[in-house]
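A.B. asks: Below is one structure. I have some questions about it.
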Amino acid sequence: MTSTEARTETVPDAASPREDLAPAVAAALATVRRNAVAFGDVFPDDTTRDNAYPPRPATEDFAEGANRGWTTCFWTGLHWLAHELTGDPADREVAVRQTADFARRVHAGEDLDTHDLGFLYTLTCVTAWRLTGDEAARDAALAAADHLMTRFLEPAGIVQAWGDLSDPTQRGRTIVDSLMNMPLLTWAGEVTGEPRYAEAVRRHVEQVRTHLLRPDDSTFHTFYWDATTGEPLRGATEQGAGDDSCWARGQAWGIYGFALHHRTTGDREALVASRRCADYFLAHLPADGVVFWDLVYGDGSDAPRDSSSAAIAACGLAELASVETDGERRDRYTDAADEMLRALVAGYTPTADEPSDALLLHAVYDAPKNKGVDEGCLWGDYFYLEALTRATLPGWRSPWWAPGDGSSVGEGRDR
Ligand code: GLY
């Protein structure tokens, strides 16, 4: 069976171990498809406004709806997930068309001064290569990985997160989210056989674990190094409530990112780090199981929730459970992932009274800057559908895994 001849049903088949989630999957797929028609080749903005996605705004350098910023990959990633869930060639066609624009973007050198090349190219070009064997997508993903490697700073041993490398305000700074950008480099190392990618990943993850993961198991959002001497300087927040608070999404990135690093390298310290992030996150859940935007807030607070953190954590906990060697922990993380996903389905999805073109309501992008507060967002939608896919599609292979874990390059050509 080729990918274009794949299954045509629109929800996971009866063999699914979690049939009760099928209505949630069907509702999410209906929204993804409706959005594909409504938006065409236009990329939406990072977050909804009053529960509707506006087109990505024009800037001095980019037209309205252009492929810029760090979140467009989640839109395309949703279409790849839709294709994997349904096997429908129409979903694949949308994903393929959008992916071609990511190849164009990297070759044109447009808006690449960010560590988020990992998110951007893992969910688009790497996925296209993995599922369809598209050589142009592979080449584009390798170009993105090489660009990301230019952000690796010696002697600090970190990948700089944001900005032009000569920007003094961002120089020597990395952030906990960066863990999710490492799989692109791990993939590039596997595909090319060149050890320099894995070495950069190993050193970067070690620095994040040593300096951003605090002794009490919470995380700094960001941390600065002296880019000249490599000396670690100080933690600071960008999107959290304070420098010493624990930004919920950062902690969720930590759960998922460290678990992925353990899966692809076997690094035991990364497994322990993922557990520590997970245990802290779970100890700070409010009664309904969906975190506030910063873990400094708990039940009784009127601070907004961040459903996107819960969606990322649901995926991260499932990933952690899948690599967990301790049976008690495996069961606990599996149950927590399941409960978190169900809490999102039950309380954070659109209803007749609160319709939206987001899959998930009530996320927070950046509360200190009052950006995207209590709105849907592209990454929340993506990780929500990824969590549903993990839970309902037997044999699904994660886009974040490098080929060396047993998923062969171009594997999807015969799906
Ligand atoms: N990676 C940026 C964010 O989570 O807001």
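Labeling convention for the structure tokens: chains A, B, ... as they appear, residues from 1 per chain, ligands from 1 in order of appearance.
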Find the residues near ligand 1. Use a cut-off of 8 Å, count only C-alpha atoms and all ligand atoms, and write them as a PDB file with N, CA and C atoms, in the first residue's frame.

C.D. replies:
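Result went into out.pdb, see below:
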ATOM      1  N   TRP A  70       8.060  31.322  14.448  1.00  0.00           N
ATOM      2  CA  TRP A  70       8.411  29.973  14.912  1.00  0.00           C
ATOM      3  C   TRP A  70       7.236  29.000  14.931  1.00  0.00           C
ATOM      4  N   ASP A 116      14.571  27.966  16.837  1.00  0.00           N
ATOM      5  CA  ASP A 116      13.321  27.262  16.530  1.00  0.00           C
ATOM      6  C   ASP A 116      13.317  26.612  15.148  1.00  0.00           C
ATOM      7  N   ASP A 177      13.060  25.759  26.238  1.00  0.00           N
ATOM      8  CA  ASP A 177      12.339  25.306  25.033  1.00  0.00           C
ATOM      9  C   ASP A 177      13.288  24.670  24.011  1.00  0.00           C
ATOM     10  N   SER A 178      14.568  25.088  24.060  1.00  0.00           N
ATOM     11  CA  SER A 178      15.556  24.634  23.067  1.00  0.00           C
ATOM     12  C   SER A 178      15.680  23.117  23.007  1.00  0.00           C
ATOM     13  N   GLN A 239       9.036  34.834  29.683  1.00  0.00           N
ATOM     14  CA  GLN A 239       7.580  34.688  29.596  1.00  0.00           C
ATOM     15  C   GLN A 239       6.950  34.248  30.918  1.00  0.00           C
ATOM     16  N   ARG A 249       5.001  26.389  30.701  1.00  0.00           N
ATOM     17  CA  ARG A 249       5.334  25.765  29.412  1.00  0.00           C
ATOM     18  C   ARG A 249       6.800  25.344  29.364  1.00  0.00           C
ATOM     19  N   GLY A 250       7.648  26.136  30.011  1.00  0.00           N
ATOM     20  CA  GLY A 250       9.050  25.734  30.061  1.00  0.00           C
ATOM     21  C   GLY A 250       9.218  24.387  30.748  1.00  0.00           C
ATOM     22  N   TRP A 253       8.143  21.751  28.354  1.00  0.00           N
ATOM     23  CA  TRP A 253       9.205  21.487  27.349  1.00  0.00           C
ATOM     24  C   TRP A 253      10.299  20.629  27.963  1.00  0.00           C
ATOM     25  N   TYR A 365       0.126  32.693  25.547  1.00  0.00           N
ATOM     26  CA  TYR A 365       1.406  32.785  24.851  1.00  0.00           C
ATOM     27  C   TYR A 365       2.413  33.475  25.761  1.00  0.00           C
ATOM     28  N   ASP A 366       2.178  34.742  26.052  1.00  0.00           N
ATOM     29  CA  ASP A 366       3.179  35.527  26.783  1.00  0.00           C
ATOM     30  C   ASP A 366       2.431  36.508  27.690  1.00  0.00           C
TER      31      ASP A 366
END

A.B. asks: Interatomic distance between atom CA of Ala311 of chain A and atom CA of Ala52 of chain A?

C.D. replies: 19.5 Å

A.B. asks: With only C-alpha atoms as the atoms that count, which of A:Val176, A:Ala26, A:Ala66, A:Leu282 lies nearest to Val42 of chain A?

C.D. replies: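 Going through A:Val176, A:Ala26, A:Ala66, A:Leu282 one by one, the smallest distance to Val42 of chain A is for A:Ala66.
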
A.B. asks: Got a sec: who's within 8 Å of segment 109-112 of chain A, counting only C-alpha atoms, leaving out chain neighbours fewer than 4 positions off, as a count of residues only?

C.D. replies: 5

A.B. asks: As a list in words, please: every residue in segment 109-190 of chain A that DSSP puts in strand (DSSP E).

C.D. replies: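 For segment 109-190 of chain A, the strand (DSSP E) set is Phe152, Leu153, Ile158, Val159, Arg173, Thr174 and Ile175 of chain A.
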
A.B. asks: Give me a file of those residues, with C-alpha atoms, as a compact mmCIF listing (two decimals), in the first residue's frame.

C.D. replies:
# COMPACT_ATOMS: atom_id res chain seq x y z
CA PHE A 152 26.34 26.73 18.59
CA LEU A 153 28.61 28.92 20.69
CA ILE A 158 25.14 26.05 23.95
CA VAL A 159 22.90 26.81 21.00
CA ARG A 173 21.42 33.09 26.04
CA THR A 174 19.54 29.85 25.75
CA ILE A 175 16.11 28.75 26.93

A.B. asks: Give me every helix (DSSP H, G or I) residue in segment 108-268 of chain A, going by DSSP on the backbone, as a VMD selection string.

C.D. replies: chain A and resid 108 117 to 132 135 to 149 176 to 192 195 to 211 248 to 265 268

A.B. asks: Pick out the residues sitting within 10 Å of Val32 of chain A, and hand them over as a count of residues only; count only C-alpha atoms, and ignore anything fewer than 5 positions along from it in its own chain.

C.D. replies: 15

A.B. asks: Counting only C-alpha atoms, which residues of segment 140-187 of chain A sit at most 12 Å from some atom of segment 93-102 of chain A, and what is each one's closest atom pair with its distance in Å to one decimal, listed by chain and rising residue number, as a Markdown table?

C.D. replies:
| residue | atom | partner | partner_atom | distance |
| --- | --- | --- | --- | --- |
| A:Ala140 | CA | A:Phe102 | CA | 7.8 |
| A:Ala141 | CA | A:Phe102 | CA | 8.9 |
| A:Ala143 | CA | A:Phe102 | CA | 11.0 |
| A:Ala144 | CA | A:Phe102 | CA | 9.6 |

A.B. asks: Kindly export the residues of the current selection with N, CA, C and O atoms, as a PDB file, in the first residue's frame.

C.D. replies:
ATOM      1  N   ALA A 140      16.315  20.187   2.442  1.00  0.00           N
ATOM      2  CA  ALA A 140      15.933  21.425   3.143  1.00  0.00           C
ATOM      3  C   ALA A 140      16.119  21.265   4.644  1.00  0.00           C
ATOM      4  O   ALA A 140      16.599  22.184   5.327  1.00  0.00           O
ATOM      5  N   ALA A 141      15.750  20.100   5.175  1.00  0.00           N
ATOM      6  CA  ALA A 141      15.913  19.870   6.620  1.00  0.00           C
ATOM      7  C   ALA A 141      17.389  19.871   6.997  1.00  0.00           C
ATOM      8  O   ALA A 141      17.769  20.392   8.058  1.00  0.00           O
ATOM      9  N   ALA A 143      19.709  21.562   5.410  1.00  0.00           N
ATOM     10  CA  ALA A 143      20.138  22.974   5.338  1.00  0.00           C
ATOM     11  C   ALA A 143      19.737  23.702   6.621  1.00  0.00           C
ATOM     12  O   ALA A 143      20.501  24.510   7.162  1.00  0.00           O
ATOM     13  N   ALA A 144      18.537  23.401   7.126  1.00  0.00           N
ATOM     14  CA  ALA A 144      18.075  24.031   8.377  1.00  0.00           C
ATOM     15  C   ALA A 144      18.951  23.581   9.548  1.00  0.00           C
ATOM     16  O   ALA A 144      19.323  24.386  10.409  1.00  0.00           O
TER      17      ALA A 144
END

A.B. asks: Name the closest residue to Pro399 of chain A among the candidates A:Gly172, A:Gly193, A:Gly77, A:Gly163; distances are taken between atoms, counting only C-alpha atoms.

C.D. replies: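 Residue with the minimum atom-to-atom distance to Pro399 of chain A: A:Gly77.
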
A.B. asks: When you count only C-alpha atoms, which of these residues is closest to Gly65 of chain A: A:Tyr121, A:Tyr53, A:Tyr280, A:Tyr256?

C.D. replies: A:Tyr53

A.B. asks: I'd like to know which of A:Asp88, A:Asp50, A:Glu60, A:Glu194 is closest to Arg33 of chain A, using only C-alpha atoms.

C.D. replies: A:Asp88

A.B. asks: Which one is closest to Phe43 of chain A: A:Val296, A:Leu212, A:Ala63, A:Ala90? Count only C-alpha atoms.

C.D. replies: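 Counting only C-alpha atoms, the residue closest to Phe43 of chain A is A:Ala63.
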